[in-house]
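Colleague: So I've got this file, upload_33.cif, and it contains mmCIF, C-alpha atoms:
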```cif
data_my_file
loop_
_atom_site.label_atom_id
_atom_site.label_comp_id
_atom_site.auth_asym_id
_atom_site.auth_seq_id
_atom_site.Cartn_x
_atom_site.Cartn_y
_atom_site.Cartn_z
CA MET F 1 -13.63 3.72 27.41
CA ALA F 2 -16.57 2.63 25.27
CA LEU F 3 -15.64 5.01 22.45
CA SER F 4 -12.28 3.34 21.86
CA THR F 5 -13.52 -0.26 22.05
CA PRO F 6 -13.18 -2.00 18.68
CA LEU F 7 -16.50 -3.21 17.32
CA LYS F 8 -15.42 -5.32 14.36
CA LYS F 9 -15.37 -8.94 15.49
CA GLN F 10 -18.60 -9.41 17.43
CA PRO F 11 -22.17 -8.13 17.22
CA LEU F 12 -22.69 -4.70 18.76
CA VAL F 13 -25.00 -5.83 21.60
CA LYS F 14 -22.49 -8.39 22.88
CA LYS F 15 -19.38 -6.24 22.57
CA GLN F 16 -20.59 -2.79 23.52
CA GLU F 17 -20.18 -1.61 27.09
CA THR F 18 -22.62 0.67 28.87
CA VAL F 19 -21.44 4.24 28.18
CA TYR F 20 -22.46 5.85 31.45
CA TYR F 21 -21.15 9.35 30.81
CA VAL F 22 -23.28 9.61 27.65
CA LEU F 23 -26.31 8.32 29.55
CA PHE F 24 -25.82 10.88 32.30
CA VAL F 25 -25.41 13.76 29.83
CA ILE F 26 -28.49 12.78 27.80
CA GLY F 27 -30.36 12.36 31.09
CA ILE F 28 -29.39 15.90 32.11
CA CYS F 29 -30.53 17.16 28.70
CA HIS F 30 -33.82 15.36 29.22
CA LEU F 31 -34.14 17.12 32.58
CA LEU F 32 -33.50 20.51 30.97
CA ASN F 33 -35.89 19.82 28.08
CA ASP F 34 -38.74 18.70 30.32
CA SER F 35 -38.17 21.54 32.78
CA LEU F 36 -38.99 23.86 29.87
CA GLN F 37 -42.23 21.96 29.36
CA ALA F 38 -42.85 22.10 33.10
CA VAL F 39 -42.99 25.90 32.90
CA ILE F 40 -46.32 25.64 31.09
CA PRO F 41 -48.42 23.79 33.70
CA ALA F 42 -46.51 25.74 36.36
CA MET F 43 -47.95 28.93 34.85
CA PHE F 44 -51.56 27.71 35.05
CA PRO F 45 -52.38 29.32 38.44
CA ILE F 46 -50.72 32.56 37.27
CA LEU F 47 -52.52 32.63 33.91
CA GLU F 48 -55.84 31.61 35.44
CA ARG F 49 -55.75 34.75 37.58
CA SER F 50 -53.97 37.27 35.32
CA MET F 51 -55.86 36.44 32.08
CA ASN F 52 -59.04 35.05 33.67
CA LEU F 53 -58.66 31.78 31.77
CA THR F 54 -61.15 28.95 32.32
CA PHE F 55 -60.14 25.39 33.18
CA THR F 56 -61.11 24.45 29.63
CA GLN F 57 -58.68 27.02 28.19
CA LEU F 58 -55.93 25.76 30.49
CA GLY F 59 -56.71 22.28 29.25
CA PHE F 60 -56.33 23.44 25.64
CA ILE F 61 -52.90 24.92 26.42
CA ALA F 62 -51.77 21.55 27.79
CA PHE F 63 -53.45 19.89 24.80
CA ALA F 64 -51.52 22.04 22.30
CA LEU F 65 -48.18 21.24 23.96
CA ASN F 66 -48.71 17.53 24.35
CA MET F 67 -50.59 16.84 21.12
CA ILE F 68 -47.98 18.53 18.90
CA SER F 69 -45.31 16.48 20.62
CA SER F 70 -47.25 13.22 20.54
CA VAL F 71 -48.27 13.39 16.88
CA MET F 72 -44.78 14.27 15.66
CA GLN F 73 -42.74 11.91 17.86
CA PRO F 74 -43.52 8.61 16.09
CA LEU F 75 -43.17 10.30 12.69
CA ILE F 76 -39.75 11.67 13.59
CA GLY F 77 -38.79 8.31 15.11
CA TRP F 78 -39.90 6.49 11.93
CA TYR F 79 -37.84 8.83 9.74
CA THR F 80 -34.70 8.72 11.89
CA ASP F 81 -34.87 4.91 12.11
CA LYS F 82 -34.12 5.05 8.39
CA ARG F 83 -31.92 8.16 8.37
CA PRO F 84 -30.59 9.21 11.79
CA VAL F 85 -30.06 12.97 12.17
CA PRO F 86 -27.79 13.54 15.21
CA TYR F 87 -27.85 17.34 15.01
CA ALA F 88 -31.64 17.37 15.10
CA LEU F 89 -31.24 17.29 18.90
CA PRO F 90 -29.75 20.80 19.36
CA ILE F 91 -31.93 22.17 16.55
CA GLY F 92 -35.07 20.92 18.29
CA LEU F 93 -34.07 22.48 21.60
CA SER F 94 -33.50 25.79 19.80
CA SER F 95 -37.18 25.70 18.82
CA SER F 96 -38.10 25.24 22.48
CA MET F 97 -35.84 28.15 23.44
CA PHE F 98 -37.68 30.54 21.11
CA GLY F 99 -41.03 29.23 22.36
CA ILE F 100 -40.20 29.77 26.02
CA LEU F 101 -38.96 33.30 25.30
CA GLY F 102 -42.18 34.15 23.50
CA LEU F 103 -44.23 32.68 26.36
CA ALA F 104 -42.77 35.21 28.79
CA PHE F 105 -44.16 38.10 26.74
CA ALA F 106 -47.34 36.55 25.30
CA PRO F 107 -50.21 39.06 25.65
CA ASN F 108 -53.16 36.71 25.17
CA PHE F 109 -54.43 33.14 25.02
CA GLU F 110 -53.83 32.77 21.26
CA THR F 111 -50.18 33.84 21.48
CA ILE F 112 -49.60 31.43 24.34
CA LEU F 113 -50.89 28.60 22.15
CA LEU F 114 -48.48 29.60 19.35
CA CYS F 115 -45.49 29.66 21.71
CA VAL F 116 -46.49 26.30 23.12
CA VAL F 117 -46.44 24.85 19.57
CA PHE F 118 -42.73 25.77 19.24
CA ILE F 119 -41.99 24.09 22.57
CA GLY F 120 -43.97 21.04 21.48
CA ILE F 121 -41.94 20.77 18.26
CA GLY F 122 -38.69 20.86 20.22
CA SER F 123 -39.96 18.13 22.53
CA ALA F 124 -41.12 15.99 19.60
CA VAL F 125 -37.65 16.08 18.08
CA PHE F 126 -35.81 15.49 21.34
CA HIS F 127 -37.61 12.46 22.77
CA PRO F 128 -37.24 9.77 20.06
CA GLU F 129 -33.66 10.82 19.26
CA GLY F 130 -32.75 11.06 22.93
CA SER F 131 -34.15 7.58 23.48
CA ARG F 132 -32.07 6.30 20.56
CA VAL F 133 -28.92 7.79 22.13
CA ALA F 134 -29.79 5.98 25.38
CA PHE F 135 -30.27 2.73 23.43
CA LEU F 136 -26.91 3.09 21.65
CA ALA F 137 -25.15 3.80 24.95
CA ALA F 138 -26.97 1.06 26.89
CA GLY F 139 -24.86 -1.98 26.12
CA PRO F 140 -26.50 -4.98 27.83
CA ARG F 141 -28.32 -2.86 30.45
CA ARG F 142 -31.26 -1.50 28.48
CA GLY F 143 -33.59 -1.14 31.44
CA LEU F 144 -31.06 0.83 33.47
CA ALA F 145 -30.09 2.98 30.47
CA GLN F 146 -33.69 3.88 29.70
CA SER F 147 -34.27 4.65 33.38
CA ILE F 148 -31.30 7.03 33.53
CA TYR F 149 -32.61 8.76 30.43
CA GLN F 150 -36.26 8.88 31.53
CA VAL F 151 -35.55 9.91 35.12
CA GLY F 152 -34.08 13.13 33.79
CA GLY F 153 -37.38 13.92 32.10
CA ASN F 154 -39.47 13.05 35.13
CA THR F 155 -37.22 15.16 37.35
CA GLY F 156 -37.62 18.06 34.92
CA GLN F 157 -41.40 17.69 35.09
CA ALA F 158 -41.21 17.55 38.88
CA LEU F 159 -39.66 21.02 38.91
CA ALA F 160 -43.00 22.58 37.89
CA PRO F 161 -44.18 23.27 41.46
CA LEU F 162 -40.80 24.77 42.41
CA ILE F 163 -40.87 26.88 39.24
CA THR F 164 -44.27 28.17 40.33
CA ALA F 165 -43.30 28.89 43.93
CA LEU F 166 -39.78 30.28 43.39
CA VAL F 167 -39.99 31.99 40.00
CA LEU F 168 -43.49 32.55 38.67
CA VAL F 169 -45.20 33.66 41.89
CA PRO F 170 -42.64 36.45 42.58
CA PHE F 171 -41.96 37.41 38.94
CA GLY F 172 -45.21 36.46 37.21
CA GLN F 173 -45.37 35.56 33.53
CA LEU F 174 -42.12 37.39 32.78
CA GLY F 175 -40.30 34.91 35.00
CA ALA F 176 -40.52 32.39 32.14
CA ALA F 177 -37.81 34.41 30.35
CA TYR F 178 -35.23 33.05 32.79
CA PHE F 179 -35.71 29.62 31.28
CA THR F 180 -34.19 30.69 27.98
CA LEU F 181 -30.90 30.20 29.86
CA VAL F 182 -31.94 26.62 30.64
CA ALA F 183 -32.69 26.06 26.95
CA ALA F 184 -29.34 27.52 25.88
CA LEU F 185 -27.51 25.20 28.29
CA ALA F 186 -29.40 22.22 26.87
CA VAL F 187 -28.41 23.19 23.32
CA ILE F 188 -24.73 23.29 24.34
CA PHE F 189 -24.90 19.82 25.94
CA LEU F 190 -26.75 18.44 22.93
CA MET F 191 -24.03 19.66 20.57
CA TYR F 192 -21.67 17.38 22.52
CA ILE F 193 -24.15 14.48 22.39
CA ALA F 194 -24.65 15.00 18.65
CA LYS F 195 -20.90 14.63 18.07
CA TRP F 196 -20.81 11.34 20.03
CA TYR F 197 -23.96 10.16 18.23
CA SER F 198 -22.36 10.87 14.84
CA PHE F 199 -19.19 9.02 15.86
CA LYS F 200 -21.21 6.02 17.05
CA LEU F 201 -23.17 5.86 13.80
CA ASP F 202 -19.95 6.04 11.81
CA THR F 203 -18.49 3.20 13.90
CA ILE F 204 -21.56 1.04 13.35
CA SER F 205 -21.53 1.69 9.60
CA LYS F 206 -17.97 0.30 9.37
CA GLU F 207 -18.91 -3.00 10.98
CA PRO F 208 -19.24 -6.14 8.83
CA LYS F 209 -22.81 -6.68 7.72
CA LYS F 210 -24.74 -8.83 10.14
CA ILE F 211 -27.28 -11.52 9.41
CA LYS F 212 -30.35 -9.77 8.12
CA LYS F 213 -32.85 -8.76 10.75
CA THR F 214 -35.55 -11.12 11.80
CA LYS F 215 -39.05 -9.80 11.47
CA ALA F 216 -40.68 -10.20 14.81
CA GLY F 217 -44.38 -10.61 14.43
CA SER F 218 -44.23 -12.80 11.30
CA GLY F 219 -46.77 -15.57 10.83
CA ALA F 220 -48.97 -16.59 13.76
CA ASN F 221 -47.20 -14.23 16.17
CA ARG F 222 -48.46 -11.06 14.50
CA LYS F 223 -51.90 -11.25 16.10
CA SER F 224 -50.35 -11.73 19.56
CA ILE F 225 -47.98 -8.81 19.03
CA ARG F 226 -50.84 -6.56 17.90
CA PHE F 227 -52.81 -7.59 20.99
CA ALA F 228 -49.80 -6.77 23.21
CA LEU F 229 -49.54 -3.34 21.57
CA VAL F 230 -53.22 -2.70 22.29
CA ILE F 231 -52.64 -3.57 25.95
CA ILE F 232 -49.61 -1.25 26.09
CA ILE F 233 -51.73 1.57 24.63
CA PHE F 234 -54.47 0.88 27.18
CA ILE F 235 -51.94 1.00 30.02
CA ILE F 236 -50.49 4.27 28.73
CA PHE F 237 -54.00 5.73 28.52
CA ALA F 238 -54.85 4.89 32.14
CA ARG F 239 -51.49 6.04 33.51
CA SER F 240 -51.29 9.24 31.44
CA TRP F 241 -54.80 10.45 32.27
CA TYR F 242 -54.17 9.94 35.97
CA ILE F 243 -50.79 11.69 35.87
CA SER F 244 -52.32 14.55 33.87
CA SER F 245 -55.07 15.00 36.43
CA ILE F 246 -52.62 15.20 39.33
CA SER F 247 -49.95 17.35 37.66
CA ASN F 248 -52.38 19.85 36.10
CA PHE F 249 -55.32 20.06 38.50
CA TYR F 250 -54.51 18.59 41.93
CA ALA F 251 -53.08 21.94 43.09
CA PHE F 252 -56.51 23.52 42.53
CA TYR F 253 -58.10 20.64 44.47
CA ALA F 254 -55.70 21.17 47.39
CA ILE F 255 -56.45 24.91 47.39
CA GLU F 256 -60.21 24.25 47.45
CA LYS F 257 -60.25 21.35 49.93
CA TYR F 258 -57.47 22.34 52.34
CA GLY F 259 -57.58 26.15 51.98
CA LEU F 260 -53.93 26.41 50.88
CA SER F 261 -52.05 29.14 49.02
CA ILE F 262 -50.65 28.54 45.52
CA PRO F 263 -47.07 27.80 46.73
CA GLU F 264 -48.40 25.48 49.48
CA SER F 265 -50.62 23.55 47.05
CA GLN F 266 -47.66 22.98 44.71
CA GLY F 267 -45.99 20.90 47.42
CA TYR F 268 -48.34 18.00 46.70
CA VAL F 269 -47.63 18.08 42.97
CA PHE F 270 -43.90 18.34 43.59
CA LEU F 271 -43.95 15.28 45.86
CA PHE F 272 -45.95 13.30 43.29
CA LEU F 273 -43.57 14.17 40.45
CA ILE F 274 -40.27 13.86 42.32
CA ALA F 275 -41.34 10.49 43.76
CA GLY F 276 -42.31 9.57 40.20
CA ALA F 277 -38.78 10.42 39.08
CA VAL F 278 -37.37 8.09 41.75
CA GLY F 279 -39.79 5.38 40.65
CA THR F 280 -38.78 5.85 37.01
CA PHE F 281 -35.13 5.31 37.92
CA LEU F 282 -35.80 2.23 40.05
CA GLY F 283 -38.08 0.61 37.48
CA GLY F 284 -35.33 -0.05 34.92
CA PRO F 285 -32.88 -1.96 37.17
CA PHE F 286 -35.78 -3.93 38.66
CA ALA F 287 -36.91 -4.83 35.12
CA ASP F 288 -33.37 -5.99 34.23
CA ARG F 289 -33.46 -8.25 37.30
CA PHE F 290 -37.09 -9.40 37.62
CA GLY F 291 -38.51 -8.88 34.12
CA LYS F 292 -40.34 -6.05 32.38
CA ARG F 293 -43.83 -7.57 32.59
CA THR F 294 -43.44 -8.18 36.33
CA VAL F 295 -42.48 -4.56 36.99
CA ILE F 296 -45.32 -3.18 34.83
CA ILE F 297 -47.91 -5.31 36.65
CA ALA F 298 -46.55 -4.49 40.12
CA SER F 299 -46.39 -0.77 39.29
CA LEU F 300 -50.01 -0.45 38.23
CA ALA F 301 -51.67 -2.92 40.61
CA SER F 302 -50.01 -1.42 43.71
CA SER F 303 -51.24 2.07 42.78
CA VAL F 304 -54.93 1.15 42.79
CA PRO F 305 -55.80 1.21 46.56
CA LEU F 306 -53.68 4.30 47.15
CA ALA F 307 -55.33 6.25 44.33
CA LEU F 308 -58.79 5.31 45.62
CA ALA F 309 -57.88 6.60 49.10
CA LEU F 310 -56.26 9.89 48.04
CA PRO F 311 -59.40 12.04 47.45
CA PHE F 312 -60.68 11.25 50.94
CA ALA F 313 -57.39 11.77 52.82
CA GLY F 314 -56.64 14.67 55.13
CA PRO F 315 -53.90 17.16 54.23
CA ALA F 316 -51.11 15.31 56.10
CA LEU F 317 -52.00 11.81 54.88
CA ALA F 318 -52.40 13.15 51.33
CA TYR F 319 -48.68 14.06 51.29
CA ILE F 320 -47.76 10.43 51.99
CA LEU F 321 -50.30 8.90 49.60
CA ILE F 322 -49.49 11.14 46.67
CA ALA F 323 -45.74 10.49 47.02
CA VAL F 324 -46.16 6.71 47.16
CA ILE F 325 -48.57 6.75 44.21
CA GLY F 326 -46.00 8.67 42.17
CA LEU F 327 -43.26 6.22 43.17
CA PHE F 328 -45.26 3.11 42.25
CA LEU F 329 -47.10 4.40 39.20
CA MET F 330 -44.09 5.89 37.41
CA SER F 331 -41.83 2.88 38.02
CA SER F 332 -43.33 1.33 34.87
CA PHE F 333 -42.71 4.34 32.60
CA SER F 334 -39.25 3.55 31.23
CA VAL F 335 -39.98 -0.17 31.39
CA THR F 336 -42.96 0.26 29.07
CA VAL F 337 -40.68 1.95 26.51
CA VAL F 338 -38.15 -0.89 26.60
CA TYR F 339 -40.96 -3.48 26.42
CA ALA F 340 -42.32 -1.82 23.26
CA GLN F 341 -38.84 -1.58 21.71
CA GLU F 342 -38.31 -5.30 22.21
CA LEU F 343 -41.82 -6.10 21.02
CA ILE F 344 -41.01 -4.52 17.64
CA PRO F 345 -37.18 -4.86 17.29
CA GLY F 346 -35.31 -2.68 14.82
CA LYS F 347 -37.72 0.25 15.28
CA ILE F 348 -36.09 1.99 18.23
CA GLY F 349 -37.01 5.56 17.32
CA MET F 350 -40.53 4.78 16.15
CA MET F 351 -41.45 2.66 19.19
CA SER F 352 -39.96 5.09 21.70
CA GLY F 353 -41.70 7.92 19.87
CA GLN F 354 -44.94 5.98 19.80
CA THR F 355 -44.93 5.04 23.49
CA VAL F 356 -43.62 8.33 24.91
CA GLY F 357 -45.50 10.34 22.28
CA LEU F 358 -48.68 8.42 23.02
CA ALA F 359 -48.22 9.22 26.70
CA PHE F 360 -48.01 12.92 25.81
CA GLY F 361 -51.01 12.62 23.49
CA MET F 362 -53.14 10.81 26.04
CA GLY F 363 -52.13 13.40 28.61
CA ALA F 364 -53.12 16.15 26.17
CA ILE F 365 -56.56 14.69 25.54
CA GLY F 366 -56.90 14.06 29.26
CA SER F 367 -56.08 17.70 30.04
CA VAL F 368 -58.87 18.99 27.82
CA ALA F 369 -61.37 16.35 28.90
CA LEU F 370 -60.62 16.86 32.58
CA GLY F 371 -60.86 20.63 32.19
CA LEU F 372 -64.31 20.27 30.60
CA ILE F 373 -65.41 17.79 33.28
CA ILE F 374 -64.24 20.10 36.08
CA ASP F 375 -66.07 23.08 34.55
CA THR F 376 -69.21 20.92 34.22
CA PHE F 377 -69.30 18.76 37.35
CA GLY F 378 -66.93 20.49 39.74
CA LEU F 379 -63.43 19.84 41.01
CA THR F 380 -64.21 17.47 43.89
CA ALA F 381 -66.41 15.10 41.86
CA THR F 382 -63.82 14.95 39.10
CA MET F 383 -60.89 14.15 41.41
CA ILE F 384 -62.88 11.35 43.02
CA SER F 385 -63.76 9.91 39.59
CA ILE F 386 -60.21 9.88 38.23
CA ALA F 387 -59.14 7.75 41.21
CA LEU F 388 -60.65 4.83 39.28
CA LEU F 389 -58.19 5.16 36.37
CA PRO F 390 -55.32 3.05 37.80
CA ILE F 391 -57.75 0.10 37.95
CA LEU F 392 -57.68 0.04 34.14
CA GLY F 393 -53.92 -0.46 34.26
CA THR F 394 -54.36 -3.94 35.67
CA ALA F 395 -54.86 -5.02 32.05
CA ALA F 396 -51.07 -5.48 32.23
CA PHE F 397 -51.77 -9.02 33.47
CA MET F 398 -52.63 -9.86 29.84
CA LEU F 399 -49.18 -8.85 28.50
CA PRO F 400 -46.96 -11.62 27.10
CA SER F 401 -44.01 -12.62 29.28
CA ASP F 402 -40.44 -11.48 28.68
CA GLN F 403 -39.58 -15.03 27.65
CA LYS F 404 -42.31 -14.90 25.01
CA LEU F 405 -40.84 -11.65 23.63
CA SER F 406 -37.46 -13.36 23.28
CA GLU F 407 -39.07 -16.29 21.48
CA TRP F 408 -40.82 -13.95 19.04
CA GLN F 409 -37.56 -12.14 18.27
CA LYS F 410 -35.93 -15.49 17.40
CA ALA F 411 -38.91 -16.77 15.36
#
```
For this file, write the structure as structure tokens.
Modeller:
Amino acid sequence: MALSTPLKKQPLVKKQETVYYVLFVIGICHLLNDSLQAVIPAMFPILERSMNLTFTQLGFIAFALNMISSVMQPLIGWYTDKRPVPYALPIGLSSSMFGILGLAFAPNFETILLCVVFIGIGSAVFHPEGSRVAFLAAGPRRGLAQSIYQVGGNTGQALAPLITALVLVPFGQLGAAYFTLVAALAVIFLMYIAKWYSFKLDTISKEPKKIKKTKAGSGANRKSIRFALVIIIFIIFARSWYISSISNFYAFYAIEKYGLSIPESQGYVFLFLIAGAVGTFLGGPFADRFGKRTVIIASLASSVPLALALPFAGPALAYILIAVIGLFLMSSFSVTVVYAQELIPGKIGMMSGQTVGLAFGMGAIGSVALGLIIDTFGLTATMISIALLPILGTAAFMLPSDQKLSEWQKA
């Protein structure tokens, strides 16, 4: 077992085995955490009718959730890089539990925003620390480890349409109260993870001091690394805005274009997100085998023609297109996190918080912007326009190769 393996004679990365049971548990916790977040967009059709909310107000609800999480994630990651706090994981999920309980009984738009802030805080704490746990348990298989961790989150997000159809449509807003049980289960699992995390940190602290860390990005490489970070941010922008448009507003588009009911329209979003979860899982092992840059480029370039065709497809073809888009587009999600971690080594929490947090933040801004655009120009015109977003992701061709990353780390 990885916990009993002595770690005194060789560097951690060479000696440590992949601790699969920890990866699976933290992946399940990621699923539970993101299923709580999924309740919020799942409630949009319910709130739009019961409270007469506009698309702009729905966009602001998504903005509050994602922006709180995105702003705090890199800050928490930066702090815990210096001083890890294992028990922050269950504490953060407790904040989400109180937020989801309040959401079930919120009487107005303002109260919903307040509850969403609590959920956003819990998510901001969970993601950088959860990513660090995945890194510590990864051993030599960082791509696979990050995929196992991230696929839990994507699967949790994919539950939003099922939450709408099976819970919120029959029970309404009060149905959100059932998800306090999901939050409580996540807190229990995270208490276990926090104990392992503490043990791992204690084991690492007893190792002989290694050669001091190299500073990747020193000298002439700094400009190239900054340029690579700009490209990563650009990719995250394009991918996050497109995902936000599909997950938050495509159900309304399907209702308007195909004349579907709310539960029927959620089928498209569910296919997109569950295929995205599969893509997230596959991306990591492919990156370990073929390289991170290769997977990122293939993910984004292959999505372009499919995204352009989706707004003009009939109801049957749209099922196929939206599933394949989710599969291809999300296969680069976990790979982008690992790429950023290796671009700036030694800053695991900050870089995972920055990349995942930036994805949340871009999605938040996209939710508000798309809501405003829909209210101004209409749903059909907006969905046709956002089909152009994956084209921007082809900037991935300008990313440095994996070999270049290795050279920078040794410089």
Colleague: Given the PyMOL selection byres ((chain F and resi 108) around 12) and the file above, list the residues it selects as a ChimeraX atom specification.
Modeller: /F:47-48,50-53,57,61,102-107,109-115,173
Colleague: Give me the residues within 8 Å of range 253-261 of chain F as a ChimeraX atom specification, counting only C-alpha atoms and dropping any in the same chain fewer than 4 places off.
Modeller: /F:249,265,315,379-380,383
Colleague: For Asp34 in chain F, work out the shell of residues within 7 Å, counting only C-alpha atoms and skipping chain neighbours fewer than 2 positions away, then give it as a list in words.
Modeller: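 Result of the neighbour search: His30, Leu31, Leu32, Leu36, Gln37, Ala38, Gly153, Gly156 and Gln157 of chain F.
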Colleague: Could you please determine the separation between CA of Ile365 in chain F and CA of Phe63 in chain F in Å, to one decimal place?
Modeller: 6.1 Å
Colleague: So what does the PyMOL selection byres ((chain F and resi 97) around 9) actually pick up in this one, as a VMD selection string?
Modeller: chain F and resid 36 92 to 96 98 to 102 118 to 119 122 179 to 184 187
Colleague: Under the rule that all atoms listed in the file are counted, which of F:Leu273, F:Leu389, F:Ile148, F:Leu310 is the nearest residue to Ile235 in chain F?
Modeller: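 Nearest candidate to Ile235 in chain F out of F:Leu273, F:Leu389, F:Ile148, F:Leu310: F:Leu389.
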Colleague: Could you write out as lines of an AutoDock Vina configuration file the box around range 292-296 of chain F (axis-aligned, all atoms listed in the file, 6 Å on each side), with centre and edge lengths in Å to one decimal?
Modeller:
```
center_x = -42.8
center_y = -5.7
center_z = 34.7
size_x = 17.0
size_y = 17.0
size_z = 16.6
```
Colleague: Mind checking which residues fall within 8 Å of Ala395 in chain F, counting all atoms listed in the file, ignoring those fewer than 2 positions away in the same chain, and posting them as a ChimeraX atom specification?
Modeller: /F:231,234-235,392-393,397-399
Colleague: Measuring between all atoms listed in the file, which one of F:Ile46, F:Leu190, F:Ala176, F:Leu162 shows the shortest distance to Gly27 in chain F?
Modeller: F:Leu190
Colleague: Name all residues at most 12 Å from Leu282 in chain F (count all atoms listed in the file; drop same-chain ones fewer than 5 positions away) and give them as a ChimeraX atom specification.
Modeller: /F:143-148,150-151,275-277,287-290,295,299,327-335
Colleague: Can you find the residues with an atom no farther than 12 Å from (-50.2, -11.4, 25.3), counting all atoms listed in the file, and report them as a ChimeraX atom specification?
Modeller: /F:221-232,293,343,395-405,408
Colleague: Check what the PyMOL selection byres ((chain F and resi 80-83) around 12) selects in the file above and give those residues as a PyMOL selection string.
Modeller: chain F and resi 73-79+84-89+125-133+198+201+345-353
Colleague: Please check which residues have atoms at most 9 Å from (-42.9, 11.1, 46.2) in the file's coordinates, counting only C-alpha atoms, and write them as a short mmCIF file (atom, residue, chain, number, x, y, z; two decimals) with C-alpha atoms, keeping the file's coordinate frame.
Modeller:
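What follows is the written file selection.cif:
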```cif
data_model
loop_
_atom_site.label_atom_id
_atom_site.label_comp_id
_atom_site.auth_asym_id
_atom_site.auth_seq_id
_atom_site.Cartn_x
_atom_site.Cartn_y
_atom_site.Cartn_z
CA TYR F 268 -48.34 18.00 46.70
CA PHE F 270 -43.90 18.34 43.59
CA LEU F 271 -43.95 15.28 45.86
CA PHE F 272 -45.95 13.30 43.29
CA LEU F 273 -43.57 14.17 40.45
CA ILE F 274 -40.27 13.86 42.32
CA ALA F 275 -41.34 10.49 43.76
CA GLY F 276 -42.31 9.57 40.20
CA ALA F 277 -38.78 10.42 39.08
CA VAL F 278 -37.37 8.09 41.75
CA GLY F 279 -39.79 5.38 40.65
CA TYR F 319 -48.68 14.06 51.29
CA ILE F 320 -47.76 10.43 51.99
CA LEU F 321 -50.30 8.90 49.60
CA ILE F 322 -49.49 11.14 46.67
CA ALA F 323 -45.74 10.49 47.02
CA VAL F 324 -46.16 6.71 47.16
CA ILE F 325 -48.57 6.75 44.21
CA GLY F 326 -46.00 8.67 42.17
CA LEU F 327 -43.26 6.22 43.17
#
```
Colleague: Name all residues at most 8 Å from Ile193 in chain F (count all atoms listed in the file; drop same-chain ones fewer than 3 positions away) and give them as a list in words.
Modeller: Val22, Val25, Ile26, Phe189, Leu190, Trp196 and Tyr197 of chain F
Colleague: CA of Ser123 in chain F and CA of Met72 in chain F are how many Å apart?
Modeller: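 Here the two named atoms are 9.2 Å from each other.
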Colleague: Given only C-alpha atoms as the basis, pick out the residue of F:Ala301, F:Ile344, F:Ile188, F:Ile246 nearest to Leu370 in chain F.
Modeller: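 With only C-alpha atoms as the atom set, the closest residue is F:Ile246.
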Colleague: Would you mind telling me which residue in F:Val269, F:Val368, F:Ala186, F:Ala238 lies nearest to Asn66 in chain F when using all atoms listed in the file?
Modeller: F:Val368
Colleague: Which residue, F:Glu17, F:Leu317, F:Thr394, F:Arg142, has the smallest gap to Phe286 in chain F when you use all atoms listed in the file?
Modeller: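 Under the stated criterion, the closest residue is F:Arg142.
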